[in-house]
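Structure file model.txt with compact mmCIF, C-alpha atoms:
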```txt
# COMPACT_ATOMS: atom_id res chain seq x y z
CA MET A 215 135.15 116.36 166.00
CA GLN A 216 132.75 113.46 166.38
CA ASP A 217 133.21 110.34 164.24
CA TYR A 218 130.24 110.17 161.87
CA HIS A 219 129.67 106.50 162.68
CA GLU A 220 128.38 107.64 166.05
CA PHE A 221 125.42 109.51 164.60
CA LEU A 222 124.91 107.85 161.24
CA GLU A 223 121.40 106.47 161.27
CA GLU A 224 121.12 104.93 157.83
CA ILE A 225 122.83 105.11 154.47
CA LEU A 226 120.09 106.30 152.15
CA VAL A 227 122.06 106.21 148.91
CA THR A 228 125.28 104.26 148.39
CA PRO A 229 128.26 105.48 146.32
CA GLU A 230 127.41 102.90 143.65
CA GLN A 231 123.79 104.07 143.43
CA ILE A 232 124.98 107.69 143.20
CA ALA A 233 127.50 106.93 140.44
CA LYS A 234 124.91 104.99 138.43
CA ARG A 235 122.23 107.67 138.76
CA VAL A 236 124.65 110.54 138.03
CA ALA A 237 125.77 108.74 134.86
CA GLU A 238 122.13 108.28 133.82
CA LEU A 239 121.37 111.95 134.42
CA GLY A 240 124.51 112.90 132.48
CA ALA A 241 123.41 110.80 129.53
CA GLN A 242 119.89 112.23 129.61
CA ILE A 243 121.10 115.83 129.85
CA SER A 244 123.64 115.27 127.07
CA ALA A 245 120.88 113.91 124.83
CA ASP A 246 118.50 116.77 125.68
CA TYR A 247 121.08 119.47 124.96
CA THR A 248 122.79 117.98 121.93
CA GLY A 249 123.62 120.75 119.49
CA LYS A 250 122.89 123.41 122.10
CA ASP A 251 125.26 125.63 124.01
CA LEU A 252 124.73 124.77 127.67
CA LEU A 253 125.62 126.74 130.77
CA VAL A 254 125.67 124.68 133.96
CA VAL A 255 125.19 126.73 137.13
CA CYS A 256 126.35 125.15 140.36
CA LEU A 257 124.65 126.45 143.48
CA LEU A 258 127.28 126.65 146.18
CA ARG A 259 128.02 124.94 148.35
CA GLY A 260 126.00 121.79 148.63
CA ALA A 261 125.93 121.06 144.90
CA ILE A 262 129.69 121.07 144.31
CA THR A 263 130.27 117.33 144.39
CA PHE A 264 127.18 116.58 142.35
CA THR A 265 128.14 119.22 139.77
CA ALA A 266 131.75 118.06 139.50
CA ASP A 267 130.64 114.46 138.91
CA LEU A 268 127.61 115.22 136.75
CA THR A 269 129.49 117.49 134.35
CA ARG A 270 132.14 114.82 133.90
CA CYS A 271 129.39 112.47 132.71
CA LEU A 272 128.27 114.86 129.98
CA THR A 273 129.27 114.13 126.42
CA ILE A 274 128.57 117.72 125.39
CA ALA A 275 130.90 120.58 126.38
CA PRO A 276 129.13 122.88 128.83
CA GLU A 277 130.24 126.16 130.28
CA LEU A 278 130.34 126.13 134.09
CA ASP A 279 129.47 128.95 136.46
CA CYS A 280 128.73 129.20 140.18
CA MET A 281 126.32 131.14 142.35
CA SER A 282 126.29 131.53 146.09
CA LEU A 283 123.03 132.34 147.83
CA SER A 284 121.83 132.81 151.36
CA SER A 285 118.63 133.81 152.99
CA TYR A 286 117.91 137.22 154.46
CA GLY A 287 115.85 135.52 157.14
CA VAL A 288 116.96 133.69 160.25
CA GLY A 289 118.02 130.08 159.78
CA HIS A 290 119.29 128.10 156.86
CA TYR A 291 117.15 129.00 153.83
CA ALA A 292 114.22 128.55 156.17
CA SER A 293 112.45 131.88 155.93
CA SER A 294 109.91 132.83 153.35
CA GLY A 295 111.96 135.99 152.72
CA ASN A 296 114.02 136.87 149.73
CA VAL A 297 117.24 135.27 148.64
CA ARG A 298 120.50 137.15 148.97
CA VAL A 299 123.08 136.70 146.22
CA ASN A 300 126.56 136.45 147.73
CA LEU A 301 128.20 135.59 144.44
CA ASP A 302 126.42 136.29 141.20
CA LEU A 303 127.05 134.61 137.86
CA ARG A 304 130.01 135.85 135.91
CA THR A 305 128.21 134.88 132.73
CA ASN A 306 125.48 136.88 131.04
CA ILE A 307 122.71 134.30 130.58
CA GLU A 308 120.62 136.26 128.10
CA GLY A 309 119.85 133.93 125.22
CA ARG A 310 121.65 131.02 126.89
CA HIS A 311 120.43 127.53 127.79
CA VAL A 312 120.86 127.36 131.55
CA LEU A 313 120.79 124.29 133.77
CA LEU A 314 120.71 125.02 137.49
CA VAL A 315 122.27 122.28 139.64
CA GLU A 316 121.11 122.06 143.24
CA ASP A 317 121.75 119.53 145.99
CA ILE A 318 118.33 119.43 147.69
CA VAL A 319 114.96 120.93 147.01
CA ASP A 320 112.63 120.89 150.00
CA SER A 321 110.21 123.80 150.56
CA GLY A 322 110.97 125.00 147.03
CA ARG A 323 111.15 128.61 148.18
CA THR A 324 114.82 129.23 147.44
CA LEU A 325 114.57 127.52 144.10
CA SER A 326 111.49 129.42 143.03
CA HIS A 327 113.14 132.73 144.02
CA VAL A 328 116.27 131.91 142.03
CA LEU A 329 114.29 130.81 138.99
CA THR A 330 112.25 134.00 139.05
CA MET A 331 115.37 136.09 139.41
CA LEU A 332 117.28 134.33 136.62
CA GLY A 333 114.16 134.34 134.44
CA THR A 334 114.25 138.14 134.33
CA ARG A 335 117.60 137.89 132.52
CA ASP A 336 115.91 136.27 129.52
CA PRO A 337 117.72 132.96 129.13
CA ALA A 338 116.78 130.85 126.09
CA SER A 339 115.81 128.10 128.52
CA LEU A 340 116.09 127.50 132.24
CA LYS A 341 115.98 124.03 133.74
CA VAL A 342 116.72 122.50 137.11
CA CYS A 343 118.61 119.37 138.08
CA VAL A 344 118.46 118.33 141.74
CA LEU A 345 120.26 115.49 143.41
CA LEU A 346 117.71 115.00 146.18
CA ASP A 347 114.03 115.87 146.19
CA LYS A 348 112.31 116.08 149.56
CA LYS A 349 108.83 116.27 148.08
CA MET A 350 107.08 115.97 151.45
CA ARG A 351 108.44 119.35 152.45
CA ARG A 352 107.21 121.27 149.43
CA GLU A 353 105.47 124.55 150.29
CA VAL A 354 105.50 126.27 146.91
CA PRO A 355 105.49 124.68 143.46
CA ALA A 356 109.05 124.22 142.20
CA GLN A 357 110.20 123.34 138.73
CA VAL A 358 112.41 120.25 138.80
CA ASP A 359 113.41 118.84 135.40
CA TYR A 360 115.95 116.22 136.46
CA THR A 361 115.89 114.43 139.81
CA GLY A 362 118.56 112.16 141.26
CA PHE A 363 116.62 110.60 144.10
CA ASP A 364 113.39 111.17 145.99
CA VAL A 365 114.20 111.19 149.69
CA PRO A 366 112.11 111.25 152.87
CA ASP A 367 111.91 114.30 155.10
CA LYS A 368 115.06 113.58 157.09
CA TYR A 369 118.24 115.49 157.84
CA VAL A 370 120.86 114.13 155.39
CA PHE A 371 124.60 114.53 154.87
CA GLY A 372 127.44 113.44 152.63
CA TYR A 373 128.24 113.79 148.92
CA GLY A 374 128.64 117.56 149.18
CA ILE A 375 125.94 118.07 151.80
CA ASP A 376 127.23 119.21 155.19
CA ILE A 377 126.37 119.04 158.84
CA ASP A 378 127.68 122.24 160.39
CA GLU A 379 130.04 122.55 157.42
CA TYR A 380 131.66 119.16 157.99
CA PHE A 381 131.24 115.73 156.34
CA ARG A 382 130.76 117.00 152.78
CA HIS A 383 133.49 114.61 151.66
CA LEU A 384 131.65 111.37 152.42
CA PRO A 385 130.88 109.33 149.29
CA PHE A 386 127.34 108.34 150.32
CA ILE A 387 124.17 110.11 151.43
CA ALA A 388 123.13 109.24 154.96
CA THR A 389 120.60 110.29 157.56
CA ILE A 390 121.56 111.64 160.96
CA ASP A 391 120.41 110.37 164.31
CA LEU A 392 120.04 113.82 165.85
CA LYS A 393 119.91 112.44 169.39
CA LYS A 394 123.44 111.15 168.99
CA TYR A 395 124.91 114.09 167.10
CA GLN A 396 126.90 116.71 169.00
CA LYS A 397 127.58 120.09 167.42
CA PRO A 398 131.28 120.89 167.01
CA ASP A 399 132.74 123.60 169.29
CA MET B 258 130.84 123.99 120.42
CA GLN B 259 133.92 122.44 118.90
CA ASP B 260 134.64 118.82 119.81
CA TYR B 261 137.82 118.81 121.90
CA ARG B 262 139.26 115.98 119.84
CA GLU B 263 139.67 118.45 116.98
CA PHE B 264 142.21 120.54 118.85
CA LEU B 265 143.61 118.10 121.39
CA SER B 266 147.36 118.01 120.90
CA GLU B 267 148.12 115.45 123.60
CA ILE B 268 146.71 114.15 126.88
CA LEU B 269 149.25 115.38 129.39
CA ILE B 270 147.79 113.59 132.43
CA ASP B 271 145.22 110.86 131.95
CA GLU B 272 142.29 110.24 134.29
CA LYS B 273 143.83 107.31 136.13
CA THR B 274 147.13 109.08 136.78
CA LEU B 275 145.24 112.15 137.97
CA GLN B 276 143.00 110.20 140.32
CA ASN B 277 145.93 108.23 141.76
CA ARG B 278 147.88 111.40 142.46
CA VAL B 279 144.85 113.13 144.00
CA GLU B 280 144.42 110.13 146.28
CA GLU B 281 148.10 110.29 147.29
CA LEU B 282 147.81 114.00 148.04
CA GLY B 283 144.72 113.33 150.16
CA ALA B 284 146.57 110.66 152.12
CA GLU B 285 149.59 112.94 152.64
CA ILE B 286 147.39 115.81 153.82
CA SER B 287 145.47 113.47 156.14
CA ARG B 288 148.75 112.31 157.71
CA ASP B 289 150.11 115.83 158.12
CA TYR B 290 146.96 117.15 159.78
CA ALA B 291 146.22 114.07 161.89
CA GLY B 292 144.54 115.13 165.13
CA GLU B 293 143.93 118.61 163.76
CA ASP B 294 141.02 120.39 162.21
CA LEU B 295 141.37 121.73 158.69
CA LEU B 296 139.74 124.31 156.46
CA LEU B 297 140.07 123.80 152.70
CA ILE B 298 139.73 126.92 150.61
CA CYS B 299 138.80 126.61 146.98
CA ILE B 300 139.43 129.46 144.59
CA LEU B 301 136.57 129.44 142.12
CA ARG B 302 136.06 128.26 139.54
CA GLY B 303 139.10 126.39 138.30
CA GLY B 304 139.83 124.68 141.60
CA LEU B 305 136.37 123.20 142.05
CA VAL B 306 136.79 119.77 140.43
CA PHE B 307 140.17 119.20 142.05
CA MET B 308 138.90 120.19 145.47
CA VAL B 309 135.86 117.93 145.25
CA ASP B 310 138.05 114.93 144.40
CA LEU B 311 140.75 115.84 146.90
CA MET B 312 138.40 116.22 149.87
CA ARG B 313 137.02 112.74 149.24
CA HIS B 314 140.47 111.41 150.16
CA ILE B 315 140.98 113.60 153.23
CA THR B 316 140.14 111.62 156.34
CA VAL B 317 140.74 114.30 159.01
CA PRO B 318 137.74 116.48 159.91
CA HIS B 319 137.59 119.36 157.48
CA GLN B 320 135.39 122.19 156.35
CA LEU B 321 135.26 123.86 152.96
CA ASP B 322 135.07 127.47 152.01
CA PHE B 323 135.19 129.39 148.77
CA MET B 324 136.74 132.53 147.37
CA ALA B 325 136.27 134.14 144.01
CA VAL B 326 138.86 136.61 142.79
CA SER B 327 139.32 138.66 139.67
CA SER B 328 141.84 141.22 138.65
CA TYR B 329 141.32 144.95 138.47
CA GLY B 330 141.68 146.39 135.02
CA ALA B 331 142.01 144.56 131.74
CA GLY B 332 143.52 141.16 131.20
CA ALA B 333 143.40 137.79 132.86
CA ARG B 334 144.23 136.78 136.41
CA GLN B 335 147.73 135.90 135.33
CA SER B 336 148.49 139.43 134.18
CA GLY B 337 149.48 140.69 137.61
CA GLY B 338 148.19 143.80 139.31
CA SER B 339 145.80 144.01 142.21
CA VAL B 340 143.27 141.31 142.92
CA ARG B 341 139.63 142.00 143.51
CA LEU B 342 137.75 139.74 145.89
CA SER B 343 134.34 138.94 144.38
CA LEU B 344 133.48 136.41 147.08
CA ASP B 345 135.08 136.42 150.49
CA LEU B 346 135.22 133.50 152.91
CA LYS B 347 132.24 132.71 155.09
CA THR B 348 134.56 131.39 157.78
CA ASP B 349 136.73 133.43 160.12
CA ILE B 350 140.11 131.76 159.66
CA ARG B 351 141.77 133.15 162.79
CA ALA B 352 143.63 130.33 164.56
CA LYS B 353 142.54 127.77 161.96
CA ASN B 354 144.65 125.44 159.85
CA VAL B 355 144.03 126.64 156.32
CA LEU B 356 144.89 124.83 153.11
CA LEU B 357 144.45 126.77 149.90
CA VAL B 358 143.54 124.44 147.04
CA GLU B 359 144.41 125.64 143.55
CA ASP B 360 144.16 124.00 140.15
CA ILE B 361 147.27 125.62 138.71
CA VAL B 362 150.03 127.97 139.78
CA ASP B 363 151.72 129.73 136.88
CA SER B 364 152.82 133.35 137.39
CA GLY B 365 151.99 132.95 141.09
CA ASN B 366 150.80 136.56 141.25
CA THR B 367 147.21 135.88 142.23
CA ILE B 368 147.97 133.20 144.77
CA ALA B 369 150.76 135.26 146.33
CA TYR B 370 148.30 138.09 146.78
CA VAL B 371 145.64 135.78 148.24
CA LEU B 372 148.16 134.26 150.68
CA GLU B 373 149.30 137.67 151.85
CA PHE B 374 145.70 138.72 152.29
CA LEU B 375 144.74 135.58 154.24
CA GLN B 376 147.81 135.88 156.44
CA THR B 377 146.56 139.21 157.77
CA ARG B 378 143.69 137.28 159.36
CA GLN B 379 146.15 135.29 161.46
CA PRO B 380 145.36 131.66 160.70
CA ARG B 381 147.20 129.08 162.80
CA SER B 382 148.77 127.72 159.63
CA LEU B 383 148.45 128.49 155.93
CA LYS B 384 149.55 126.06 153.24
CA VAL B 385 149.06 125.61 149.52
CA CYS B 386 148.01 122.54 147.56
CA ALA B 387 148.29 122.97 143.80
CA LEU B 388 147.38 120.29 141.30
CA LEU B 389 149.57 121.72 138.55
CA ASP B 390 152.77 123.71 138.83
CA LYS B 391 153.83 125.56 135.69
CA SER B 392 157.02 126.80 137.29
CA GLU B 393 158.56 128.18 134.07
CA ARG B 394 155.97 130.93 134.18
CA ARG B 395 156.64 132.02 137.74
CA GLU B 396 156.89 135.76 138.35
CA THR B 397 156.19 135.79 142.09
CA SER B 398 157.60 133.12 144.33
CA VAL B 399 154.93 130.95 145.98
CA PRO B 400 155.47 128.18 148.54
CA ILE B 401 153.72 125.06 147.26
CA ASP B 402 153.39 122.56 150.08
CA TYR B 403 151.52 119.86 148.15
CA ARG B 404 152.07 119.58 144.43
CA GLY B 405 150.20 117.29 142.06
CA PHE B 406 152.31 117.58 138.92
CA LYS B 407 154.98 119.81 137.46
CA ILE B 408 153.99 120.65 133.92
CA PRO B 409 155.73 122.34 130.99
CA ASN B 410 154.75 125.79 129.78
CA LYS B 411 151.94 124.60 127.52
CA PHE B 412 148.35 125.71 127.15
CA VAL B 413 146.35 123.10 129.08
CA PHE B 414 142.66 122.39 129.65
CA GLY B 415 140.34 119.90 131.36
CA TYR B 416 139.75 118.81 134.96
CA GLY B 417 138.54 122.24 136.04
CA LEU B 418 140.75 124.24 133.68
CA ASP B 419 138.89 126.00 130.91
CA LEU B 420 139.32 127.13 127.36
CA ASP B 421 137.18 130.24 127.09
CA GLU B 422 135.12 128.88 129.99
CA TYR B 423 134.39 125.51 128.32
CA TYR B 424 135.86 122.01 128.69
CA ARG B 425 136.29 122.22 132.48
CA ASN B 426 134.32 118.97 132.70
CA LEU B 427 136.85 116.74 130.95
CA PRO B 428 138.29 114.14 133.35
CA PHE B 429 141.91 114.55 132.13
CA ILE B 430 144.44 117.34 131.54
CA ALA B 431 145.24 117.94 127.90
CA VAL B 432 147.29 120.30 125.76
CA VAL B 433 145.62 122.50 123.16
CA ASP B 434 146.74 122.65 119.57
CA THR B 435 146.13 126.39 119.24
CA ASP B 436 146.23 126.27 115.42
CA ARG B 437 143.20 123.99 115.38
CA TYR B 438 141.28 125.53 118.24
CA HIS B 439 138.55 128.05 117.38
CA PRO B 440 137.29 130.14 120.29
CA PRO B 441 133.50 130.04 120.54
CA VAL B 442 131.59 132.83 118.84
CA PHE B 443 128.10 133.73 120.00
CA GLU B 444 125.64 136.44 119.16
CA ASN B 445 125.84 137.79 122.68
CA LEU B 446 129.61 137.39 123.00
CA GLN B 447 130.10 141.14 123.27
CA THR B 448 127.73 141.34 126.22
CA ARG B 449 129.24 138.26 127.78
CA ARG B 450 132.73 139.71 127.62
CA THR B 451 131.77 143.01 129.18
CA GLN B 452 130.12 141.07 132.02
CA LYS B 453 133.42 139.59 132.99
CA PRO B 454 135.18 141.36 135.81
```

If you convert what's in this file into structure tokens, what do you get?
Amino acid sequence: MQDYHEFLEEILVTPEQIAKRVAELGAQISADYTGKDLLVVCLLRGAITFTADLTRCLTIAPELDCMSLSSYGVGHYASSGNVRVNLDLRTNIEGRHVLLVEDIVDSGRTLSHVLTMLGTRDPASLKVCVLLDKKMRREVPAQVDYTGFDVPDKYVFGYGIDIDEYFRHLPFIATIDLKKYQKPD
Amino acid sequence: MQDYREFLSEILIDEKTLQNRVEELGAEISRDYAGEDLLLICILRGGLVFMVDLMRHITVPHQLDFMAVSSYGAGARQSGGSVRLSLDLKTDIRAKNVLLVEDIVDSGNTIAYVLEFLQTRQPRSLKVCALLDKSERRETSVPIDYRGFKIPNKFVFGYGLDLDEYYRNLPFIAVVDTDRYHPPVFENLQTRRTQKP
């Protein structure tokens, strides 16, 4: 396995910036949902770190559930096709206040599919919190209620986001120099 | 939703103690797997917070994967009986070093089943890292290779462990005063319960 220093191009967001922003989002979400019963839905796998940290910054007591999605098309969420649910929610969201937590929104296709799908289950409200927004890549309108950081259209990793399933553990968000990166065996 | 302070009996493990121990476990795992490649498996949903913190202290190259299990028939996971896999691994674990990361081992029934099941796929190695070990409750023997804390047979919550699905987000492990705890009641509770596997 390659050392990430070899292909790290630039640290986009430092651990300190992440901690500060996550705390701010936690405070804002806590204020917005005060007195309400909140269900936080973590979209596996990229959002795990963000969800674990964000929920610990909430002063309200949310319920936590997870969903795992993939695309029917070829490539990583790249197709315009439908979204396949590998793991559905255990919770019935009818009448619930739902906050979807996602790592990155780029084209907006996956997110808009998920929102449409969950919307048919008649939640009381359905909002979206994303850590990183790659606005330049947007192809369809996507509802984003809480944003961590706006980022340029670059391949990023760290803080839950992987490169070939590795490097999710890194405490910062960095961009890759693809010329220097070698895929693992 | 009830404020946890109303039914908190005691904080069993505070945030600092937890984080220090998680860091130690990460260092120990990093030493043991030095020069190797590792796959961490998280059993949803209880193990999520622990795994996220643990992986941040693991310096050897590692991948993550997830499993979700539930039990057939009535009752909780702890009640024994066969285990139903609601989400299988994305990764083929054959010839891989696998470390199963669990929040708590009590009866050991579920984890023993999962280990037996994973072993059939012939990983190179298969070990267990459990944050909490409630050994008094053990019904099936389970090898725990990395243990965060031994805890007494008390009803605990926080740091990934829930009370009726809530309070997983608290940064410490606490004991419930069951006399003062009121399970949540919602209009759609009936539907919610029947949704559960």

Determine, for each residue of chain A having at least one atom at most 6 Å from an atom of chain B, the closest pair of atoms and their separation in Å to one decimal, counting all atoms listed in the file; order by chain and ascending number, as CSV.
```
residue,atom,partner,partner_atom,distance
A:Thr263,CA,B:Val309,CA,5.7
A:Ala266,CA,B:Val306,CA,5.4
A:Thr269,CA,B:Asn426,CA,5.3
A:Arg270,CA,B:Asn426,CA,4.8
A:Ala275,CA,B:Tyr424,CA,5.7
A:Pro276,CA,B:Tyr423,CA,5.9
A:Glu277,CA,B:Tyr423,CA,4.6
A:Leu301,CA,B:Leu344,CA,6.0
A:Arg304,CA,B:Lys453,CA,5.8
A:Asn306,CA,B:Arg449,CA,5.2
A:Glu379,CA,B:Gln320,CA,5.5
A:Tyr380,CA,B:Gln320,CA,5.1
A:His383,CA,B:Arg313,CA,4.7
```

Check your understanding: Of the residues A:Arg310, A:Lys250, A:His219, A:Arg259, which is the one nearest to Lys394 (chain A), using all atoms listed in the file?
Key ->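 Counting all atoms listed in the file, the residue closest to Lys394 (chain A) is A:His219.
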
Nearby residues (all atoms listed in the file) at most 12 Å from Ala338 (chain A), same-chain spacing under 6 positions excluded, as a short mmCIF file (atom, residue, chain, number, x, y, z; two decimals) with C-alpha atoms, in the coordinates of the input:
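Result written to result.cif:
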```
data_model
loop_
_atom_site.label_atom_id
_atom_site.label_comp_id
_atom_site.auth_asym_id
_atom_site.auth_seq_id
_atom_site.Cartn_x
_atom_site.Cartn_y
_atom_site.Cartn_z
CA LYS A 250 122.89 123.41 122.10
CA ASP A 251 125.26 125.63 124.01
CA LEU A 252 124.73 124.77 127.67
CA LEU A 253 125.62 126.74 130.77
CA ASN A 306 125.48 136.88 131.04
CA ILE A 307 122.71 134.30 130.58
CA GLU A 308 120.62 136.26 128.10
CA GLY A 309 119.85 133.93 125.22
CA ARG A 310 121.65 131.02 126.89
CA HIS A 311 120.43 127.53 127.79
CA VAL A 312 120.86 127.36 131.55
CA LEU A 313 120.79 124.29 133.77
CA LEU A 332 117.28 134.33 136.62
CA ASN B 445 125.84 137.79 122.68
#
```

Practice item. Extract, using all atoms listed in the file, all DNA, RNA and protein residues at most 12 Å from Thr397 (chain B), discarding same-chain residues fewer than 2 positions from it, and format them as a list in words. Key: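 Listing them by chain and then by number gives Gln335, Ser336, Gly337, Gly338, Val362, Asp363, Ser364, Gly365, Asn366, Thr367, Ile368, Ala369, Tyr370, Leu372, Ser392, Glu393, Arg394, Arg395, Val399 and Pro400 of chain B.
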
**Study point:** Closest of B:Cys386, B:Ile401, B:Leu357, B:Ile430 to Thr274 (chain B) - atom-to-atom distances counting only C-alpha atoms
**Key:**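 Ranking B:Cys386, B:Ile401, B:Leu357, B:Ile430 by distance to Thr274 (chain B), first place goes to B:Ile430.
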
Point to revise | Two-atom distance - CA of Glu224 (chain A), CA of Leu345 (chain A) (Å) | key: 17.9 Å

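Between CA of Ser398 (chain B) and CA of Leu356 (chain B) there is a distance of 17.5 Å.
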
Practice item. Determine, counting only C-alpha atoms, which protein, DNA and RNA residues have an atom within 10 Å of an atom of Pro380 (chain B); residues of the same chain fewer than 5 positions away are not included. Present the result as a ChimeraX atom specification. Key: /B:349-355,375

Review point. What lies within 10 Å of Arg235 (chain A) using all atoms listed in the file, ignoring chain neighbours under 3 positions off, as JSON, numbers by chain?
Key: {"A": [229, 230, 231, 232, 238, 239, 240, 241, 268, 345, 361, 362, 363]}

Practice item. Give me the residues within 9 Å of Glu285 (chain B) as a ChimeraX atom specification, counting all atoms listed in the file and dropping any in the same chain fewer than 4 places off. Key: /B:280-281,289-290,315,403

Exercise for review: May I ask which of the residues A:Leu392, A:Thr324, A:Leu272, A:Phe381 is the closest one to Tyr286 (chain A), counting all atoms listed in the file?
Suggested key: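 That would be A:Thr324, the residue with the smallest distance to Tyr286 (chain A).
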
Point to revise | Among listed residues A:Arg298, A:Lys393, A:Arg323, A:Arg382, nearest Arg352 (chain A) (using all atoms listed in the file) | key: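 Answer, going by the shortest atom-to-atom distance: A:Arg323.
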
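CA of Asp317 (chain A) lies 12.4 Å from CA of Val236 (chain A).
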
Point to revise | For Arg262 (chain B), the nearest of the candidates B:Cys299, B:Val433, B:Val340, B:Val442, counting all atoms listed in the file | key: B:Val433

**Study point:** Counting all atoms listed in the file, the residue of B:Lys347, B:Lys407, B:Arg381, B:Arg437 that sits nearest Asn300 (chain A)
**Key:**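 Ranking B:Lys347, B:Lys407, B:Arg381, B:Arg437 by distance to Asn300 (chain A), first place goes to B:Lys347.
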
As AutoDock Vina command-line options, what would the box around region 372-387 of chain A look like: edges along x, y and z, 5 Å added on every side, centre and edge lengths in Å to one decimal?
```
--center_x 128.8 --center_y 115.4 --center_z 154.7 --size_x 19.3 --size_y 24.2 --size_z 21.5
```
